[in-house]
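The structure appears right after this line, and notes come after that.
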Amino acid sequence: YTFDSKREAARYEELRMLALAGKLQNLTVHPRFGLYVPSPHQGATPIPSDGGPLYLPMGCEEGYACSAKRIGYYTADFAYLQETMDEGRVLVWRWTVEDVKSKPTRTEAYRLRKKMVEATYQVEITEVE
C-alpha cells in the first residue's frame with residue numbers, strides 16, 4: 001500500500017496487528033464511498049465501474065444509482081469491523097471508518113464529504129490524530 005504519511009502507515013501497522021489478534025475483522029485500506037445527490041429523474045441509472053471497492057448508499061442495488069447522481073468519491077484511510085456494545089448491552093460487530101488527519105488537512109471540502117458519507121451510509125468516520 002502507498003500511504004500519504006508516516007502516521008497513516010503506522011496506524012495501518014497497528015490495525016494489522018489488531019486484526020491478527022482477532023480484535024477486528026475485514027480491514028480494508030482506502031475504501032471508496034460514492035458521494036450522491038438526488039437526481040431530478042425517476043428510475044435507476046447504471047453506474048459505470050472504474051475499479052476499486054465502491055460502496056453504494058443504503059437501499060441501492062449494486063450497479064444502480066437509485067435516482068441519485070454520483071458527484072464524486074470519498075476515500076477513507078481504513079474501514080474494519082469491530083466488536084462493540086449496542087444499546088441492549090450485547091456485543092455486535094459494527095463498521096468503523098477511520099481517517100488519519102492533522103488539523104491543517106481538515107478543509108471545508110473534507111468536512112462536507114465526511115458529512116455526506118456519514119449521512120448516506122449511516123457510519124461514523126473516526127478521525128485519528
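Just so we're on the same page: first chain in the C-alpha cells is A, next is B, and so on; residues restart at 1 for each chain, and ligands are numbered from 1 in the order they show up.
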### Query
Any idea what's packed within 12 Å of region 2-18 of chain A, counting only C-alpha atoms, ignoring anything in its chain fewer than 6 positions away? Could you give it as a list of chain:residue names?
A:Leu24, A:Gln25, A:Asn26, A:Leu27, A:Thr28, A:Val29, A:His30, A:Ala76, A:Asp77, A:Phe78, A:Ala79, A:Tyr80, A:Leu81, A:Gln82, A:Glu83, A:Thr96, A:Val97, A:Glu98, A:Asp99, A:Val100, A:Lys101, A:Ser102, A:Thr105, A:Glu127, A:Val128, A:Glu129
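Between Arg113 (chain A) and the candidates A:Lys69, A:Met85, A:Val92, A:Leu35, the tightest atom-to-atom separation, counting only C-alpha atoms, involves A:Leu35.
Interatomic distance, CA of Val123 (chain A) against CA of Trp93 (chain A): 12.9 Å.
For the residues A:Lys114, A:Lys23, A:Phe33, A:Tyr121, ranking by smallest atom-to-atom distance to Arg70 (chain A) using only C-alpha atoms places A:Phe33 first.
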